[in-house]
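Content type compact mmCIF, C-alpha atoms, from the file target01.txt:
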# COMPACT_ATOMS: atom_id res chain seq x y z
CA MET A 20 95.73 94.31 94.91
CA ARG A 21 93.04 92.20 93.28
CA ILE A 22 92.85 93.03 89.56
CA GLY A 23 89.89 91.99 87.46
CA MET A 24 90.91 91.76 83.82
CA LEU A 25 88.39 91.81 80.98
CA SER A 26 89.64 90.57 77.64
CA HIS A 27 87.95 89.06 74.61
CA TRP A 28 91.15 87.07 74.00
CA PHE A 29 93.35 85.07 76.34
CA ASP A 30 95.68 82.07 76.59
CA PRO A 31 96.02 79.57 75.00
CA GLU A 32 95.30 81.87 72.05
CA GLY A 33 98.55 83.08 70.53
CA GLY A 34 99.79 85.45 67.88
CA ALA A 35 97.97 88.78 67.95
CA ALA A 36 95.72 87.38 70.70
CA GLY A 37 98.62 86.53 73.01
CA ALA A 38 99.17 90.01 74.48
CA PRO A 39 96.56 89.86 77.29
CA GLY A 40 98.19 86.74 78.72
CA THR A 41 101.57 88.44 78.75
CA LEU A 42 100.18 91.37 80.69
CA ALA A 43 98.24 89.19 83.15
CA ARG A 44 101.45 87.33 83.98
CA GLU A 45 103.27 90.64 84.44
CA PHE A 46 100.65 91.72 86.98
CA ARG A 47 100.94 88.30 88.66
CA ASP A 48 104.73 88.62 88.89
CA ARG A 49 104.28 91.98 90.62
CA GLY A 50 102.36 90.26 93.42
CA HIS A 51 98.79 91.06 92.37
CA ASP A 52 95.90 88.61 92.49
CA VAL A 53 94.74 88.50 88.88
CA HIS A 54 91.34 87.22 87.73
CA VAL A 55 90.49 87.26 84.03
CA VAL A 56 87.02 87.12 82.50
CA THR A 57 87.30 86.03 78.88
CA GLY A 58 85.68 83.83 76.24
CA TYR A 59 86.54 80.35 75.03
CA PRO A 60 89.67 80.25 72.85
CA ILE A 61 89.03 80.46 69.07
CA TYR A 62 91.79 82.64 67.56
CA PRO A 63 92.72 82.59 64.71
CA LYS A 64 90.53 79.94 63.05
CA GLY A 65 87.23 80.84 64.69
CA ARG A 66 86.74 77.36 66.16
CA ILE A 67 86.77 76.33 69.80
CA PHE A 68 90.16 74.87 70.71
CA PRO A 69 90.46 71.12 71.33
CA GLY A 70 90.02 70.31 75.00
CA TYR A 71 87.38 72.99 75.54
CA ARG A 72 83.62 72.62 75.41
CA GLN A 73 81.36 75.63 75.71
CA ARG A 74 79.32 75.84 78.88
CA PRO A 75 77.80 78.76 80.80
CA TYR A 76 80.89 79.12 82.99
CA LEU A 77 84.33 77.56 83.27
CA ARG A 78 86.99 78.35 85.85
CA GLU A 79 90.62 77.36 85.33
CA VAL A 80 94.06 78.48 86.46
CA ILE A 81 96.71 79.18 83.81
CA ASP A 82 100.23 80.05 84.97
CA GLY A 83 99.00 81.33 88.32
CA VAL A 84 96.23 83.46 86.79
CA THR A 85 92.60 82.58 87.54
CA VAL A 86 90.59 82.52 84.31
CA HIS A 87 86.79 82.68 84.16
CA ARG A 88 85.43 81.72 80.74
CA SER A 89 82.12 82.83 79.30
CA PRO A 90 80.31 81.41 76.24
CA ILE A 91 80.73 83.14 72.88
CA TYR A 92 79.55 82.80 69.32
CA PRO A 93 82.69 81.25 67.74
CA SER A 94 83.66 83.15 64.60
CA HIS A 95 86.66 85.05 63.29
CA ASP A 96 85.85 85.28 59.60
CA ASP A 97 85.31 88.33 57.39
CA ARG A 98 81.52 88.43 57.65
CA ALA A 99 80.41 91.42 59.67
CA ALA A 100 77.30 89.80 61.16
CA ARG A 101 79.23 86.82 62.48
CA ARG A 102 82.07 88.94 63.80
CA MET A 103 79.67 91.22 65.66
CA ALA A 104 77.85 88.17 67.02
CA ASN A 105 81.17 87.00 68.41
CA TYR A 106 81.89 90.38 69.98
CA LEU A 107 78.44 90.93 71.46
CA SER A 108 78.04 87.38 72.76
CA PHE A 109 81.08 87.84 75.00
CA ALA A 110 79.92 91.30 76.04
CA ALA A 111 76.64 89.76 77.25
CA SER A 112 77.87 86.54 78.85
CA GLY A 113 80.99 88.23 80.23
CA SER A 114 78.85 90.90 81.90
CA ILE A 115 76.94 88.21 83.77
CA ASN A 116 79.98 86.21 84.83
CA ALA A 117 82.00 89.32 85.74
CA GLN A 118 79.51 90.22 88.46
CA ARG A 119 80.25 86.92 90.19
CA ALA A 120 83.92 86.45 89.28
CA LEU A 121 85.16 90.03 89.69
CA GLY A 122 82.82 91.41 92.33
CA ALA A 123 85.63 91.49 94.89
CA ALA A 124 88.14 93.21 92.59
CA ASP A 125 89.78 96.45 93.69
CA VAL A 126 89.96 97.64 90.11
CA SER A 127 89.21 96.25 86.67
CA PHE A 128 91.40 96.48 83.59
CA VAL A 129 89.95 96.33 80.06
CA TYR A 130 92.09 95.10 77.18
CA SER A 131 90.03 96.93 74.59
CA THR A 132 89.99 95.04 71.33
CA PRO A 133 87.24 94.76 70.39
CA ALA A 134 85.82 97.83 72.13
CA THR A 135 82.82 95.77 73.29
CA ALA A 136 85.11 94.14 75.89
CA ALA A 137 84.46 97.20 78.06
CA ILE A 138 80.76 96.43 78.51
CA PRO A 139 81.31 94.09 81.52
CA ALA A 140 83.49 96.79 83.13
CA LEU A 141 80.67 99.30 82.77
CA GLY A 142 78.39 96.86 84.61
CA LEU A 143 80.89 96.45 87.41
CA LYS A 144 81.20 100.19 87.81
CA TRP A 145 77.45 100.82 87.75
CA LEU A 146 76.48 98.01 90.11
CA ARG A 147 79.55 97.68 92.37
CA ARG A 148 81.38 100.98 91.88
CA ILE A 149 84.54 99.16 90.82
CA PRO A 150 86.77 101.62 88.93
CA PHE A 151 88.30 100.61 85.63
CA VAL A 152 91.19 101.46 83.35
CA VAL A 153 90.71 100.87 79.63
CA HIS A 154 93.71 100.14 77.41
CA ILE A 155 92.65 100.96 73.85
CA GLN A 156 94.18 98.77 71.17
CA ASP A 157 92.03 99.89 68.22
CA ILE A 158 90.25 103.18 67.69
CA TRP A 159 86.55 102.52 67.26
CA PRO A 160 84.41 103.18 65.29
CA GLN A 161 87.10 103.94 62.69
CA THR A 162 88.52 100.41 62.90
CA VAL A 163 85.12 98.90 62.12
CA THR A 164 84.03 101.31 59.43
CA ALA A 165 87.43 101.24 57.71
CA SER A 166 87.32 97.44 57.46
CA GLU A 167 86.15 96.21 54.11
CA PHE A 168 83.83 93.52 55.47
CA VAL A 169 81.29 96.10 56.68
CA ASP A 170 78.60 97.03 54.16
CA LYS A 171 79.09 100.66 53.16
CA GLY A 172 75.37 101.34 53.40
CA ALA A 173 75.39 100.41 57.08
CA ASN A 174 78.48 102.43 57.96
CA GLY A 175 76.67 105.65 58.84
CA LEU A 176 74.27 104.12 61.34
CA LEU A 177 76.93 101.83 62.81
CA GLU A 178 79.39 104.70 63.19
CA GLY A 179 76.85 106.81 65.02
CA LEU A 180 75.98 104.06 67.49
CA LEU A 181 79.61 103.19 68.14
CA ASN A 182 80.56 106.83 68.65
CA VAL A 183 77.96 107.16 71.40
CA TYR A 184 79.11 103.91 73.02
CA CYS A 185 82.84 104.68 72.86
CA ASP A 186 82.43 108.19 74.22
CA HIS A 187 80.49 106.74 77.14
CA VAL A 188 83.24 104.19 77.88
CA TYR A 189 85.98 106.84 77.80
CA ARG A 190 84.06 109.13 80.13
CA ALA A 191 83.20 106.31 82.55
CA ALA A 192 86.77 105.01 82.71
CA ASP A 193 89.03 106.31 85.48
CA SER A 194 91.94 106.35 83.04
CA VAL A 195 92.25 105.83 79.29
CA ALA A 196 95.53 104.26 78.16
CA VAL A 197 96.46 104.50 74.49
CA THR A 198 99.19 102.73 72.55
CA SER A 199 100.48 105.57 70.36
CA PRO A 200 100.78 109.38 70.40
CA GLY A 201 98.43 109.72 67.45
CA MET A 202 95.80 107.70 69.26
CA ALA A 203 95.98 110.05 72.24
CA ALA A 204 95.25 113.00 69.96
CA LEU A 205 92.23 111.21 68.44
CA ILE A 206 90.76 110.46 71.87
CA GLU A 207 91.27 114.02 73.07
CA GLN A 208 89.48 115.29 69.96
CA ARG A 209 86.42 113.38 71.16
CA GLY A 210 86.19 115.72 74.15
CA ILE A 211 87.98 113.51 76.69
CA ILE A 212 90.10 115.57 79.07
CA GLY A 213 93.80 115.27 78.25
CA SER A 214 94.90 114.54 81.82
CA LYS A 215 92.84 111.35 81.72
CA ILE A 216 94.69 109.99 78.66
CA HIS A 217 98.01 108.18 79.13
CA LEU A 218 100.47 106.79 76.60
CA VAL A 219 101.08 103.11 77.36
CA PRO A 220 102.48 101.36 74.27
CA ASN A 221 102.12 97.66 73.63
CA TRP A 222 104.81 95.11 74.35
CA ALA A 223 105.84 91.69 73.04
CA GLU A 224 105.66 88.29 74.69
CA GLU A 225 109.28 88.37 75.78
CA SER A 226 109.55 84.65 76.45
CA TYR A 227 108.82 84.11 72.73
CA PHE A 228 110.32 87.19 71.07
CA TYR A 229 114.02 87.66 71.74
CA PRO A 230 117.29 87.67 69.76
CA ILE A 231 118.45 84.21 68.75
CA PRO A 232 121.07 82.98 66.25
CA ARG A 233 119.74 81.56 63.02
CA ALA A 234 119.34 77.77 63.19
CA ASP A 235 120.97 76.34 60.08
CA ASP A 236 118.73 73.28 59.81
CA LEU A 237 115.52 75.32 60.11
CA SER A 238 116.87 77.96 57.77
CA GLU A 239 117.67 75.37 55.10
CA SER A 240 114.12 74.02 55.27
CA VAL A 241 112.59 77.48 54.74
CA ARG A 242 115.00 79.40 52.52
CA LYS A 243 115.57 78.77 48.82
CA GLN A 244 119.36 78.89 49.00
CA ARG A 245 119.44 82.62 48.25
CA THR A 246 121.59 84.80 50.46
CA PHE A 247 119.16 87.52 51.59
CA THR A 248 115.73 86.63 52.97
CA VAL A 249 112.95 89.19 53.33
CA MET A 250 110.23 87.87 55.66
CA TYR A 251 106.69 88.92 56.42
CA ALA A 252 105.24 87.20 59.50
CA GLY A 253 101.64 87.77 60.51
CA ASN A 254 98.09 88.06 59.33
CA PHE A 255 97.35 87.96 55.60
CA GLY A 256 94.54 90.50 55.83
CA GLU A 257 93.15 93.17 53.54
CA MET A 258 94.67 96.00 55.53
CA GLN A 259 98.17 94.48 55.52
CA ASP A 260 98.53 95.39 51.83
CA LEU A 261 100.59 92.33 50.94
CA MET A 262 99.94 92.79 47.23
CA THR A 263 102.52 95.57 47.44
CA VAL A 264 105.02 92.95 48.65
CA VAL A 265 104.17 90.72 45.68
CA ARG A 266 104.70 93.62 43.28
CA ALA A 267 108.05 94.44 44.93
CA ALA A 268 109.06 90.79 44.56
CA ALA A 269 108.19 91.01 40.87
CA ARG A 270 110.56 93.96 40.56
CA LEU A 271 113.30 91.88 42.19
CA ARG A 272 112.65 88.66 40.29
CA ASN A 273 116.00 88.85 38.50
CA SER A 274 118.01 89.15 41.70
CA SER A 275 119.89 85.95 42.41
CA GLU A 276 120.33 86.97 46.05
CA ILE A 277 116.94 88.20 47.29
CA GLU A 278 114.01 85.98 48.26
CA PHE A 279 110.74 86.49 50.14
CA VAL A 280 109.12 84.31 52.79
CA LEU A 281 105.49 85.03 53.71
CA MET A 282 104.64 83.28 56.97
CA GLY A 283 101.08 83.23 58.24
CA ALA A 284 97.52 82.91 56.99
CA GLY A 285 94.46 85.05 56.42
CA THR A 286 91.60 86.11 54.22
CA VAL A 287 93.70 87.27 51.23
CA GLU A 288 96.01 84.25 51.07
CA LYS A 289 94.29 82.76 48.02
CA ARG A 290 94.61 86.04 46.14
CA LEU A 291 98.27 86.33 47.05
CA ARG A 292 99.04 82.82 45.87
CA ALA A 293 97.12 83.42 42.65
CA ALA A 294 99.10 86.60 41.99
CA VAL A 295 102.38 84.78 42.57
CA ARG A 296 101.33 82.06 40.09
CA GLU A 297 100.19 84.63 37.52
CA GLU A 298 103.54 86.41 37.69
CA SER A 299 105.47 83.11 37.78
CA LEU A 300 107.46 84.37 40.74
CA ASP A 301 109.95 81.85 42.06
CA ASN A 302 111.35 84.23 44.67
CA ILE A 303 108.34 84.03 47.03
CA ARG A 304 107.65 81.14 49.35
CA PHE A 305 104.61 80.70 51.58
CA ILE A 306 104.77 78.92 54.91
CA GLY A 307 101.85 78.54 57.27
CA PRO A 308 101.46 79.94 60.78
CA GLN A 309 104.05 78.59 63.19
CA PRO A 310 103.80 77.77 66.90
CA PHE A 311 104.00 80.90 69.00
CA GLU A 312 106.76 79.42 71.13
CA ARG A 313 108.98 79.05 68.03
CA MET A 314 108.57 82.57 66.68
CA ALA A 315 112.06 83.69 67.69
CA GLU A 316 113.54 80.83 65.65
CA PHE A 317 111.49 81.63 62.57
CA LEU A 318 111.98 85.39 62.72
CA ALA A 319 115.74 84.81 62.86
CA ILE A 320 115.53 83.26 59.39
CA GLY A 321 114.71 86.64 57.87
CA ASP A 322 117.59 89.02 57.28
CA VAL A 323 114.95 91.74 57.39
CA GLN A 324 111.30 91.76 58.49
CA LEU A 325 108.50 93.57 56.67
CA ILE A 326 105.72 95.63 58.22
CA THR A 327 103.14 96.77 55.70
CA LEU A 328 99.82 98.58 56.06
CA LYS A 329 97.49 100.36 53.69
CA ASP A 330 97.67 104.12 53.89
CA ARG A 331 94.63 104.98 56.00
CA PRO A 332 94.34 107.88 58.46
CA LEU A 333 93.57 105.37 61.19
CA PHE A 334 96.81 103.44 60.67
CA ARG A 335 98.93 106.56 60.99
CA SER A 336 97.87 106.64 64.64
CA THR A 337 98.61 103.01 65.49
CA LEU A 338 101.61 100.82 66.21
CA PRO A 339 101.06 97.32 64.78
CA SER A 340 101.97 94.61 67.30
CA LYS A 341 104.45 93.02 64.92
CA LEU A 342 106.61 96.13 65.25
CA GLN A 343 107.24 95.47 68.94
CA ALA A 344 107.69 91.74 68.25
CA ASN A 345 110.36 92.41 65.64
CA LEU A 346 112.17 94.97 67.77
CA ALA A 347 112.13 92.61 70.76
CA SER A 348 113.59 89.89 68.53
CA GLY A 349 116.34 92.23 67.40
CA ARG A 350 115.32 92.11 63.75
CA PRO A 351 116.03 94.81 61.15
CA VAL A 352 112.79 96.18 59.74
CA ILE A 353 111.47 97.74 56.55
CA GLY A 354 108.18 99.50 57.16
CA ALA A 355 105.80 100.38 54.34
CA VAL A 356 103.90 102.46 56.87
CA ALA A 357 103.18 106.06 57.82
CA GLY A 358 102.68 108.01 61.03
CA ASP A 359 103.60 106.68 64.45
CA ALA A 360 104.96 103.34 63.22
CA ALA A 361 107.22 105.07 60.71
CA ASP A 362 108.48 107.40 63.45
CA VAL A 363 109.44 104.46 65.70
CA ILE A 364 111.34 102.67 62.93
CA THR A 365 113.21 105.86 62.04
CA ARG A 366 114.04 106.82 65.64
CA SER A 367 115.17 103.32 66.56
CA GLY A 368 117.60 103.03 63.65
CA ALA A 369 116.35 99.46 63.18
CA GLY A 370 115.57 99.84 59.49
CA LEU A 371 114.06 101.86 56.70
CA VAL A 372 110.67 103.41 55.98
CA VAL A 373 108.96 103.69 52.59
CA PRO A 374 105.55 105.12 51.63
CA PRO A 375 102.68 102.63 52.02
CA GLY A 376 101.69 100.99 48.75
CA ASP A 377 104.87 102.05 46.91
CA ASP A 378 106.30 98.78 45.57
CA ALA A 379 109.14 100.56 43.75
CA ALA A 380 110.33 102.23 46.95
CA LEU A 381 109.95 98.95 48.84
CA ALA A 382 112.05 97.09 46.30
CA GLU A 383 114.72 99.79 46.47
CA ALA A 384 114.82 99.64 50.30
CA ILE A 385 115.25 95.88 50.12
CA ARG A 386 118.13 96.30 47.67
CA ARG A 387 119.73 98.86 49.99
CA LEU A 388 119.63 96.66 53.09
CA SER A 389 120.78 93.66 51.09
CA ALA A 390 123.83 95.67 50.03
CA GLU A 391 124.63 96.89 53.54
CA GLY A 392 126.24 93.64 54.59
CA GLY A 393 126.29 91.59 57.76
CA ALA A 394 128.01 94.04 60.13
CA ALA A 395 125.60 96.88 59.32
CA LEU A 396 122.59 94.61 59.72
CA ASP A 397 123.95 93.31 63.03
CA HIS A 398 124.18 96.92 64.22
CA ARG A 399 120.56 97.51 63.22
CA SER A 400 119.64 94.37 65.15
CA ASP A 401 121.30 95.73 68.29
CA LEU A 402 119.56 99.08 67.90
CA ALA A 403 116.19 97.35 67.48
CA ARG A 404 116.57 95.32 70.66
CA GLN A 405 117.76 98.27 72.75
CA TYR A 406 114.93 100.48 71.56
CA TYR A 407 112.45 97.79 72.56
CA LEU A 408 113.95 97.47 76.04
CA ASP A 409 113.90 101.23 76.57
CA HIS A 410 110.39 101.94 75.28
CA PHE A 411 108.22 98.81 74.95
CA SER A 412 109.34 96.16 77.42
CA THR A 413 106.86 94.60 79.83
CA ARG A 414 108.79 96.31 82.65
CA VAL A 415 108.18 99.75 81.12
CA VAL A 416 104.56 99.00 80.18
CA GLY A 417 103.89 97.23 83.48
CA ASP A 418 105.15 100.20 85.49
CA ARG A 419 102.82 102.58 83.67
CA LEU A 420 99.72 100.39 83.83
CA GLU A 421 100.30 99.40 87.44
CA ALA A 422 100.50 103.07 88.40
CA LEU A 423 97.18 103.77 86.66
CA LEU A 424 95.49 100.79 88.33
CA VAL A 425 96.78 101.66 91.79
CA ASP A 426 95.63 105.24 91.35
CA ALA A 427 92.15 104.15 90.24
CA ALA A 428 91.83 101.66 93.10
CA SER A 429 92.88 104.28 95.66
CA ARG A 430 89.91 106.42 94.66
CA SER A 431 87.45 103.49 94.68
CA THR A 432 84.10 103.56 96.45
CA ARG A 433 83.48 99.88 95.70
CA VAL A 434 80.45 98.17 97.23
CA ALA A 435 80.16 94.47 98.00

Rewritten as structure tokens:
Amino acid sequence: MRIGMLSHWFDPEGGAAGAPGTLAREFRDRGHDVHVVTGYPIYPKGRIFPGYRQRPYLREVIDGVTVHRSPIYPSHDDRAARRMANYLSFAASGSINAQRALGAADVSFVYSTPATAAIPALGLKWLRRIPFVVHIQDIWPQTVTASEFVDKGANGLLEGLLNVYCDHVYRAADSVAVTSPGMAALIEQRGIIGSKIHLVPNWAEESYFYPIPRADDLSESVRKQRTFTVMYAGNFGEMQDLMTVVRAAARLRNSSEIEFVLMGAGTVEKRLRAAVREESLDNIRFIGPQPFERMAEFLAIGDVQLITLKDRPLFRSTLPSKLQANLASGRPVIGAVAGDAADVITRSGAGLVVPPGDDAALAEAIRRLSAEGGAALDHRSDLARQYYLDHFSTRVVGDRLEALLVDAASRSTRVA
């Protein structure tokens, strides 16, 4: 089967933008001819990667997957106008290139974050009757209007426009795949028939996220010689609520055993560092983003991994990608989260859950896992890995998505 994939993000982008490449390779390994229409790589810094120069069209082959690149406005900062220019520029240029690059596809697959990535698929369906499956990563318009870089005065108009657009995409799609049970309920509330909605959770890049023993030399370069390391690895964004982690660290400042490592970068990093200086905290260390291919090594440094989100209705219906990454790596987890993510952590036995924003409860959970000891933490590690294999692996996700794509293609009335 020839699959046309539409994604705003693709290799060599890593981190949170690495998922589409993982899935494209999974389709490739199943014997499908995969063609991807995407933009030029910019994530996470918002600048075109070295070795690339924007032009109207670029074709390349990456790991057996044919990639068709379209020009974009390069930005990934916290200014709404620039971010929307980035989203809409790919929607426009990708729609043009998709007609040429994906015109022979049996079915198209939309990796929907941002939601504007579906616009080229709509064009393919209108003009060539190519069916499409949309895999929703973020619920729009809530994701946009909940973000704090959108002017509150513009929220009402923007929300109305996005509601009309998203409802149209969901109705036009042959199948709507969602990544969490709560997300399925939200989509059905929009009037989309339940039989069209399918739970297909996200996965991790399994060649990068897997259990690995802690490397002593790397550990010594990162840790501060304390015996229990609490790590946060990911985006330092407004919604990640990392100030709660700083406050929990302040509560644990007198512990001679517990330390924190914050690995990553993002828009609130300066504020976090300033707060650490103000509190004179010597139990927090910052390290920058690390190469994607070394994530298993770095995650192994943490005795426990943190997943934190602000308490928003939207986040109760999502599973942050770092949850799957940590489970795949066999890491114990403390989640300052609610809803679906909290349910997964509890069911898996991989760790503990505390209310979002509650630094006292977070500090107490850290104390509890620190006191459990090595054997108990090893058991949590095993439970985390097994839960990932049973529920989130690329085999499980690939089976579900492949079935949806085959079903859509079998009902196609595609025209040349």

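Minimum atom-to-atom distance to Ser94 in chain A, evaluated using only C-alpha atoms, belongs to A:Pro60 out of A:Pro332, A:Gly376, A:Gly392, A:Pro60.
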
- request: Starting from the point (90.6, 103.5, 83.0), work out which residues of protein, DNA or RNA have an atom no more than 8 Å away when counting all atoms listed in the file; state them as a list in words.
  value: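 Taken together, the residues in range are Phe128, Val129, Pro150, Phe151, Val152, Val153, His154, Tyr189, Ala191, Ala192, Asp193, Ser194, Val195, Ala196, Leu423, Leu424 and Ala427 of chain A.
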
Give me, as CSV, each residue of range 241-264 of chain A that comes within 10 Å of range 307-311 of chain A, together with its shortest interatomic pair and the distance in Å at one decimal, counting all atoms listed in the file, with rows ordered by chain and rising residue number.
residue,atom,partner,partner_atom,distance
A:Ala252,CA,A:Pro308,CA,8.3
A:Gly253,CA,A:Pro308,CA,7.8
A:Asn254,CA,A:Pro308,CA,8.9

task: List every protein, DNA or RNA residue that has at least one atom no more than 7 Å from (91.9, 85.4, 68.2) in the file's coordinates, counting only C-alpha atoms, and write the result as a list in words.
output: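 Output: Trp28, Glu32, Ala35, Ala36, Ile61, Tyr62 and Pro63 of chain A.
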
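When all atoms listed in the file are used to compute distances to Asn182 in chain A, the closest of the residues A:Pro374, A:Gly23, A:Pro31, A:Gly210 turns out to be A:Gly210.
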
message: My list of candidates is A:Gly201, A:Pro75, A:Gly256, A:Gly358. Which is closest to Glu288 in chain A when distances are computed with all atoms listed in the file?
response: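 Once distances to Glu288 in chain A are computed over all atoms listed in the file, the minimum belongs to A:Gly256.
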
Mind rebuilding range 194-202 of chain A with all heavy atoms and writing that out as a short mmCIF file (atom, residue, chain, number, x, y, z; two decimals), keeping the file's coordinate frame?
data_model
loop_
_atom_site.label_atom_id
_atom_site.label_comp_id
_atom_site.auth_asym_id
_atom_site.auth_seq_id
_atom_site.Cartn_x
_atom_site.Cartn_y
_atom_site.Cartn_z
N SER A 194 90.82 105.95 83.89
CA SER A 194 91.94 106.35 83.04
C SER A 194 91.79 105.67 81.69
O SER A 194 91.27 104.56 81.60
CB SER A 194 93.29 105.94 83.66
OG SER A 194 93.60 106.72 84.79
N VAL A 195 92.26 106.36 80.66
CA VAL A 195 92.25 105.83 79.29
C VAL A 195 93.70 105.72 78.84
O VAL A 195 94.39 106.74 78.70
CB VAL A 195 91.46 106.74 78.34
CG1 VAL A 195 91.51 106.20 76.92
CG2 VAL A 195 90.01 106.88 78.81
N ALA A 196 94.17 104.50 78.65
CA ALA A 196 95.53 104.26 78.16
C ALA A 196 95.48 104.03 76.66
O ALA A 196 94.61 103.31 76.16
CB ALA A 196 96.15 103.06 78.87
N VAL A 197 96.39 104.64 75.93
CA VAL A 197 96.46 104.50 74.49
C VAL A 197 97.85 104.01 74.09
O VAL A 197 98.82 104.20 74.83
CB VAL A 197 96.15 105.83 73.77
CG1 VAL A 197 94.71 106.27 74.04
CG2 VAL A 197 97.11 106.94 74.21
N THR A 198 97.94 103.40 72.92
CA THR A 198 99.19 102.73 72.55
C THR A 198 100.08 103.55 71.63
O THR A 198 101.16 103.09 71.27
CB THR A 198 98.88 101.38 71.88
OG1 THR A 198 98.08 101.59 70.72
CG2 THR A 198 98.14 100.45 72.84
N SER A 199 99.64 104.74 71.23
CA SER A 199 100.48 105.57 70.36
C SER A 199 100.14 107.04 70.57
O SER A 199 99.02 107.38 71.00
CB SER A 199 100.26 105.19 68.89
OG SER A 199 98.98 105.60 68.46
N PRO A 200 101.07 107.94 70.25
CA PRO A 200 100.78 109.38 70.40
C PRO A 200 99.60 109.84 69.54
O PRO A 200 98.78 110.64 69.98
CB PRO A 200 102.10 110.04 69.96
CG PRO A 200 103.15 109.01 70.18
CD PRO A 200 102.47 107.70 69.89
N GLY A 201 99.52 109.33 68.32
CA GLY A 201 98.43 109.72 67.45
C GLY A 201 97.08 109.31 68.00
O GLY A 201 96.08 110.02 67.83
N MET A 202 97.04 108.17 68.66
CA MET A 202 95.80 107.70 69.26
C MET A 202 95.37 108.64 70.40
O MET A 202 94.17 108.91 70.56
CB MET A 202 95.98 106.28 69.78
CG MET A 202 94.70 105.56 70.13
SD MET A 202 95.00 103.86 70.73
CE MET A 202 95.45 103.04 69.21
#
